[in-house]
Amino acid sequence: MKQITNPILPTNEYIPDPEPHVFGDRVYVYGSHDRFGGISFCLNDYVVYSCPVDDLSSWSSKGISYRKKEDKEYKGGFVNVMYAPDCARGKDGNYYLYYTLGFLGHIAVAKSDKPDGPFHFYGYVKYRDGVSLGDKKEYIQFDPAIFIDDDGRIYLYSGYGSVQRFGLKGKKNTDKGAMVFELQEDMLTIKEGPNYICKTIHNSKGTDFEGHEFFEASSMRKINGHYYFIYSSFVNHELCYAISDHPDRDFQYGGVLISNCDGGLGEEKTNYYGNNHGSLLCMNGKYYIFYHRQTNKNSFARQMCAEEIQFDGLHFKQAEMTSQGLNGKPLEGKGTYKAAICCNLYSTLGTFFYKVFRRPAPRHAYLTQEDRDNEERESQYIRNITKYTIVGYKYFRFPEDVRSLSVTIKGRAKGTIHVKDAEKGNILSSIPISPSSRKTTFKAAFKPAKEVSAIFFTFEGIGRFSFYEFSLE
């Protein structure tokens, strides 16, 4: 098995909101599809990536799996976009894809005889009287999750905390939190519901959900007979979970699975961060949490990442963001690596949340790419590195014969790049750099302090530069 790094897909691919599922002998990941350079979320059609269950490094795709124009309500433009989907295999052997088209209020379903499509429009989730869910003035439906229990009962989860999150004036706080419906075998018709299973911000006071209330991103897993409801909290950069002995009631807050700024793992946030969405993969006795990161100075170009996560049989321990991700062990401390696989990118001036329309200050670095969206070449790099920037990679195992480290950069900067085993750790290398109008490689001696450690890059000097790759030799 070859090495794999985060993000787990090609760096020119922007698929957030990952829902991993095992069908047969492959892992399939369903997510929305951002557009690099886009001005809104989820502008592209759905694409499904998959890999063999015994090789989490070999992800591939057959191309577009479902086109939004197949939805009967699609009218074009930036409003009718397909948000985070989920998929399940029905009793008839077909695969059912659930999603919402913008904020039209309906949960749509597409159907295929293959887990990676092509999918075709099937219908809208509806009540027994034929009225579509969303047409009876219910609270907004969003980020649906589909789950089929061992007894064959079918559950649909949904919910959105928009009123409380964005303070919409004149809107009534009718949101009671995450909701669940039971569906009939046609995968469309509501049999029962909604039941409310997870507190939101206005009804959590005094409960164990207080401080980590449900906001969006519903997902369900069953592990060791317990039900795990995964969701994005009002903190927004964290994925949380709640546990119950039932799929539709009695959930108790469980904890944080991951934060895309490592919030809660230390005193300070160590990544520029934004909304988060993902879920658990349980396979071969190991557990993984899938999530996404932000790039390109906004929330509209997010990328899929994954980490192994520790599980004690009932509770999960919050996972740390790493560059090694699904690799199963530290990366080889020799060879060439793209700068874009950083797991920590932040500033001594602090970090911040990528709001929908917020652009970072000039002194902050960010991930971007040279090419337009949908081009085959991978050209992602880190731009605007200054004396305030910190770039981290976790983790590497260094062989005894590693002797040097080189960086490939471009820009009007003069000074020294320091390489450490932590932000304030041991200096492993100091690389003098000078201004360059084209990509230039600078090299210096490198001596690891430990066999396994992180690598952190900082800059001491004047000017700014772009960072493309580094090599350990």
# chains A, B, ... in the order shown; residues from 1 in each chain; ligands from 1

$ residues_around --residues "Phe214 of chain A" --least-positions-apart "6" --cutoff "7 Å" --atoms "only C-alpha atoms" --output "number ranges by chain"
A: 177-178, 198-200, 231-234

$ write_last_selection --atoms "all heavy atoms" --output "PDB file, in the first residue's frame"
ATOM      1  N   GLY A 177     -34.257  21.199  17.428  1.00  0.00           N
ATOM      2  CA  GLY A 177     -33.058  20.380  17.330  1.00  0.00           C
ATOM      3  C   GLY A 177     -33.141  19.370  16.205  1.00  0.00           C
ATOM      4  O   GLY A 177     -34.013  19.435  15.341  1.00  0.00           O
ATOM      5  N   ALA A 178     -32.215  18.417  16.215  1.00  0.00           N
ATOM      6  CA  ALA A 178     -32.190  17.387  15.180  1.00  0.00           C
ATOM      7  C   ALA A 178     -33.450  16.537  15.248  1.00  0.00           C
ATOM      8  O   ALA A 178     -33.954  16.235  16.330  1.00  0.00           O
ATOM      9  CB  ALA A 178     -30.962  16.513  15.358  1.00  0.00           C
ATOM     10  N   CYS A 198     -31.847  15.713  19.621  1.00  0.00           N
ATOM     11  CA  CYS A 198     -30.602  16.397  19.980  1.00  0.00           C
ATOM     12  C   CYS A 198     -30.911  17.864  20.205  1.00  0.00           C
ATOM     13  O   CYS A 198     -31.529  18.503  19.350  1.00  0.00           O
ATOM     14  CB  CYS A 198     -29.569  16.213  18.860  1.00  0.00           C
ATOM     15  SG  CYS A 198     -27.907  16.731  19.256  1.00  0.00           S
ATOM     16  N   LYS A 199     -30.514  18.412  21.321  1.00  0.00           N
ATOM     17  CA  LYS A 199     -30.871  19.779  21.698  1.00  0.00           C
ATOM     18  C   LYS A 199     -30.186  20.803  20.801  1.00  0.00           C
ATOM     19  O   LYS A 199     -29.065  20.622  20.346  1.00  0.00           O
ATOM     20  CB  LYS A 199     -30.480  20.039  23.143  1.00  0.00           C
ATOM     21  CG  LYS A 199     -31.141  19.115  24.150  1.00  0.00           C
ATOM     22  CD  LYS A 199     -32.643  19.299  24.212  1.00  0.00           C
ATOM     23  CE  LYS A 199     -33.248  18.436  25.305  1.00  0.00           C
ATOM     24  NZ  LYS A 199     -34.738  18.572  25.351  1.00  0.00           N
ATOM     25  N   THR A 200     -30.902  21.909  20.585  1.00  0.00           N
ATOM     26  CA  THR A 200     -30.323  23.046  19.890  1.00  0.00           C
ATOM     27  C   THR A 200     -30.077  24.172  20.885  1.00  0.00           C
ATOM     28  O   THR A 200     -30.285  24.006  22.094  1.00  0.00           O
ATOM     29  CB  THR A 200     -31.221  23.490  18.727  1.00  0.00           C
ATOM     30  OG1 THR A 200     -30.511  24.442  17.932  1.00  0.00           O
ATOM     31  CG2 THR A 200     -32.519  24.093  19.217  1.00  0.00           C
ATOM     32  N   TYR A 231     -22.913  15.035  14.497  1.00  0.00           N
ATOM     33  CA  TYR A 231     -23.442  16.312  14.028  1.00  0.00           C
ATOM     34  C   TYR A 231     -22.395  17.416  14.178  1.00  0.00           C
ATOM     35  O   TYR A 231     -21.410  17.282  14.906  1.00  0.00           O
ATOM     36  CB  TYR A 231     -24.701  16.688  14.818  1.00  0.00           C
ATOM     37  CG  TYR A 231     -24.461  16.931  16.291  1.00  0.00           C
ATOM     38  CD1 TYR A 231     -24.259  18.218  16.793  1.00  0.00           C
ATOM     39  CD2 TYR A 231     -24.442  15.869  17.198  1.00  0.00           C
ATOM     40  CE1 TYR A 231     -24.036  18.442  18.139  1.00  0.00           C
ATOM     41  CE2 TYR A 231     -24.215  16.085  18.550  1.00  0.00           C
ATOM     42  CZ  TYR A 231     -24.015  17.366  19.016  1.00  0.00           C
ATOM     43  OH  TYR A 231     -23.786  17.590  20.353  1.00  0.00           O
ATOM     44  N   SER A 232     -22.610  18.520  13.481  1.00  0.00           N
ATOM     45  CA  SER A 232     -21.813  19.728  13.648  1.00  0.00           C
ATOM     46  C   SER A 232     -22.514  20.612  14.669  1.00  0.00           C
ATOM     47  O   SER A 232     -23.711  20.880  14.554  1.00  0.00           O
ATOM     48  CB  SER A 232     -21.684  20.466  12.316  1.00  0.00           C
ATOM     49  OG  SER A 232     -20.963  21.666  12.482  1.00  0.00           O
ATOM     50  N   SER A 233     -21.765  21.047  15.669  1.00  0.00           N
ATOM     51  CA  SER A 233     -22.355  21.820  16.752  1.00  0.00           C
ATOM     52  C   SER A 233     -22.392  23.310  16.415  1.00  0.00           C
ATOM     53  O   SER A 233     -21.855  23.748  15.399  1.00  0.00           O
ATOM     54  CB  SER A 233     -21.549  21.609  18.036  1.00  0.00           C
ATOM     55  OG  SER A 233     -20.346  22.359  17.982  1.00  0.00           O
ATOM     56  N   PHE A 234     -22.996  24.094  17.304  1.00  0.00           N
ATOM     57  CA  PHE A 234     -23.008  25.541  17.123  1.00  0.00           C
ATOM     58  C   PHE A 234     -21.607  26.137  17.207  1.00  0.00           C
ATOM     59  O   PHE A 234     -21.371  27.243  16.735  1.00  0.00           O
ATOM     60  CB  PHE A 234     -23.932  26.196  18.152  1.00  0.00           C
ATOM     61  CG  PHE A 234     -25.312  26.454  17.600  1.00  0.00           C
ATOM     62  CD1 PHE A 234     -26.257  25.443  17.582  1.00  0.00           C
ATOM     63  CD2 PHE A 234     -25.644  27.684  17.081  1.00  0.00           C
ATOM     64  CE1 PHE A 234     -27.519  25.666  17.066  1.00  0.00           C
ATOM     65  CE2 PHE A 234     -26.905  27.917  16.557  1.00  0.00           C
ATOM     66  CZ  PHE A 234     -27.849  26.901  16.551  1.00  0.00           C
TER      67      PHE A 234
END

$ residues_around --residues "Lys297 of chain A" --least-positions-apart "6" --cutoff "12 Å" --atoms "only C-alpha atoms" --output "list in words"
Phe36, Gly37, Gly38, Ile39, Tyr272, Tyr273, Gly274, Phe352, Phe353, Tyr354, Lys355, Val356, Phe357, Arg358, Arg359, Pro360, Ala361, Pro362, His364, Ala365, Tyr366, Leu367, Thr368, Gln369, Ile382, Arg383 and Asn384 of chain A

$ closest_atom_pairs --of "segment 270-389 of chain A" --to "segment 417-432 of chain A" --cutoff "12 Å" --atoms "only C-alpha atoms" --output "CSV"
residue,atom,partner,partner_atom,distance
A:Thr270,CA,A:Glu423,CA,9.9
A:Asn344,CA,A:Glu423,CA,10.1
A:Leu345,CA,A:Glu423,CA,11.0
A:Tyr346,CA,A:Glu423,CA,10.6
A:Ser347,CA,A:Glu423,CA,10.7
A:Thr348,CA,A:Glu423,CA,10.0
A:Ile385,CA,A:Ile417,CA,10.6
A:Thr386,CA,A:Ile417,CA,10.3
A:Lys387,CA,A:Ile417,CA,9.3
A:Tyr388,CA,A:Glu423,CA,11.8
A:Thr389,CA,A:Glu423,CA,10.5

$ atom_distance --atom1 "atom CA of Ala242 of chain A" --atom2 "atom CA of Gly255 of chain A"
7.2 Å

$ residues_around --residues "Thr441 of chain A" --least-positions-apart "4" --cutoff "10 Å" --atoms "only C-alpha atoms" --output "PyMOL selection string"
chain A and resi 406-410+433+436+468-471

$ residues_around --residues "segment 138-148 of chain A" --least-positions-apart "4" --cutoff "9 Å" --atoms "only C-alpha atoms" --output "ChimeraX atom specification"
/A:83-90,96-100,102-107,133-134,152-162,174-176,216-221

$ closest_residue --among "A:Asp135, A:Glu185, A:Leu281, A:Leu265" --to "Val53 of chain A" --atoms "only C-alpha atoms"
A:Leu281

$ select_by_dssp --residues "segment 31-203 of chain A" --states "strand (DSSP E or B)" --output "MDAnalysis selection string"
chainID A and resid 46:52 60:66 82 86:89 95:99 101 108:112 120:124 126 132 145:148 154:158 178:183 189:198

$ closest_residue --among "A:Val402, A:Phe290, A:Ser466, A:Cys51" --to "Ala339 of chain A" --atoms "only C-alpha atoms"
A:Ser466

$ residues_around --residues "Ser65 of chain A" --least-positions-apart "4" --cutoff "8 Å" --atoms "only C-alpha atoms" --output "number ranges by chain"
A: 45-48, 116-119

$ write_last_selection --atoms "N, CA, C and O atoms" --output "PDB file, in the first residue's frame"
ATOM      1  N   ASP A  45     -21.659  19.363  -9.499  1.00  0.00           N
ATOM      2  CA  ASP A  45     -22.461  18.146  -9.366  1.00  0.00           C
ATOM      3  C   ASP A  45     -21.742  17.120  -8.500  1.00  0.00           C
ATOM      4  O   ASP A  45     -20.523  17.190  -8.294  1.00  0.00           O
ATOM      5  N   TYR A  46     -22.500  16.139  -8.021  1.00  0.00           N
ATOM      6  CA  TYR A  46     -21.937  15.136  -7.123  1.00  0.00           C
ATOM      7  C   TYR A  46     -20.938  14.225  -7.835  1.00  0.00           C
ATOM      8  O   TYR A  46     -21.118  13.852  -8.999  1.00  0.00           O
ATOM      9  N   VAL A  47     -19.892  13.868  -7.086  1.00  0.00           N
ATOM     10  CA  VAL A  47     -18.896  12.878  -7.506  1.00  0.00           C
ATOM     11  C   VAL A  47     -18.672  11.938  -6.332  1.00  0.00           C
ATOM     12  O   VAL A  47     -18.549  12.399  -5.187  1.00  0.00           O
ATOM     13  N   VAL A  48     -18.629  10.640  -6.574  1.00  0.00           N
ATOM     14  CA  VAL A  48     -18.386   9.655  -5.523  1.00  0.00           C
ATOM     15  C   VAL A  48     -16.987   9.082  -5.696  1.00  0.00           C
ATOM     16  O   VAL A  48     -16.628   8.620  -6.785  1.00  0.00           O
ATOM     17  N   ASP A 116     -21.894   3.980  -6.775  1.00  0.00           N
ATOM     18  CA  ASP A 116     -21.303   5.233  -7.257  1.00  0.00           C
ATOM     19  C   ASP A 116     -22.024   5.779  -8.484  1.00  0.00           C
ATOM     20  O   ASP A 116     -21.495   6.605  -9.216  1.00  0.00           O
ATOM     21  N   GLY A 117     -23.237   5.321  -8.690  1.00  0.00           N
ATOM     22  CA  GLY A 117     -24.080   5.851  -9.754  1.00  0.00           C
ATOM     23  C   GLY A 117     -23.778   5.277 -11.127  1.00  0.00           C
ATOM     24  O   GLY A 117     -23.056   4.289 -11.247  1.00  0.00           O
ATOM     25  N   PRO A 118     -24.357   5.909 -12.143  1.00  0.00           N
ATOM     26  CA  PRO A 118     -25.079   7.184 -12.087  1.00  0.00           C
ATOM     27  C   PRO A 118     -26.429   7.067 -11.376  1.00  0.00           C
ATOM     28  O   PRO A 118     -27.143   6.077 -11.533  1.00  0.00           O
ATOM     29  N   PHE A 119     -26.758   8.101 -10.592  1.00  0.00           N
ATOM     30  CA  PHE A 119     -28.035   8.198  -9.908  1.00  0.00           C
ATOM     31  C   PHE A 119     -29.014   8.982 -10.769  1.00  0.00           C
ATOM     32  O   PHE A 119     -28.623   9.858 -11.544  1.00  0.00           O
TER      33      PHE A 119
END

$ closest_residue --among "A:Glu73, A:Glu320, A:Glu268, A:Asp248" --to "Tyr288 of chain A" --atoms "only C-alpha atoms"
A:Glu320

$ closest_residue --among "A:Ile309, A:Met187, A:Leu257, A:Cys343" --to "Met321 of chain A" --atoms "only C-alpha atoms"
A:Cys343

$ atom_distance --atom1 "atom CA of Val81 of chain A" --atom2 "atom CA of Tyr291 of chain A"
20.3 Å

$ residues_around --residues "Asp186 of chain A" --least-positions-apart "5" --cutoff "12 Å" --atoms "only C-alpha atoms" --output "compact mmCIF listing (two decimals) with C-alpha atoms, in the first residue's frame"
# COMPACT_ATOMS: atom_id res chain seq x y z
CA ARG A 89 -28.63 0.41 0.15
CA GLY A 90 -32.33 -0.39 0.18
CA LYS A 91 -33.93 -3.78 0.69
CA ASP A 92 -34.40 -4.02 -3.09
CA ASN A 94 -30.69 -0.34 -5.10
CA TYR A 95 -28.82 2.64 -3.66
CA TYR A 96 -30.73 5.71 -2.50
CA VAL A 109 -33.96 11.21 -3.34
CA LYS A 111 -31.66 6.14 -7.11
CA TYR A 122 -36.55 9.24 -7.73
CA GLY A 123 -38.80 11.59 -5.75
CA TYR A 124 -39.25 13.74 -2.65
CA VAL A 125 -39.74 12.45 0.88
CA LYS A 126 -43.47 12.71 1.55
CA ARG A 128 -48.75 9.31 3.59
CA ARG A 153 -36.43 -0.23 9.87
CA ILE A 154 -35.49 2.89 7.91
CA LYS A 191 -44.24 6.25 8.51
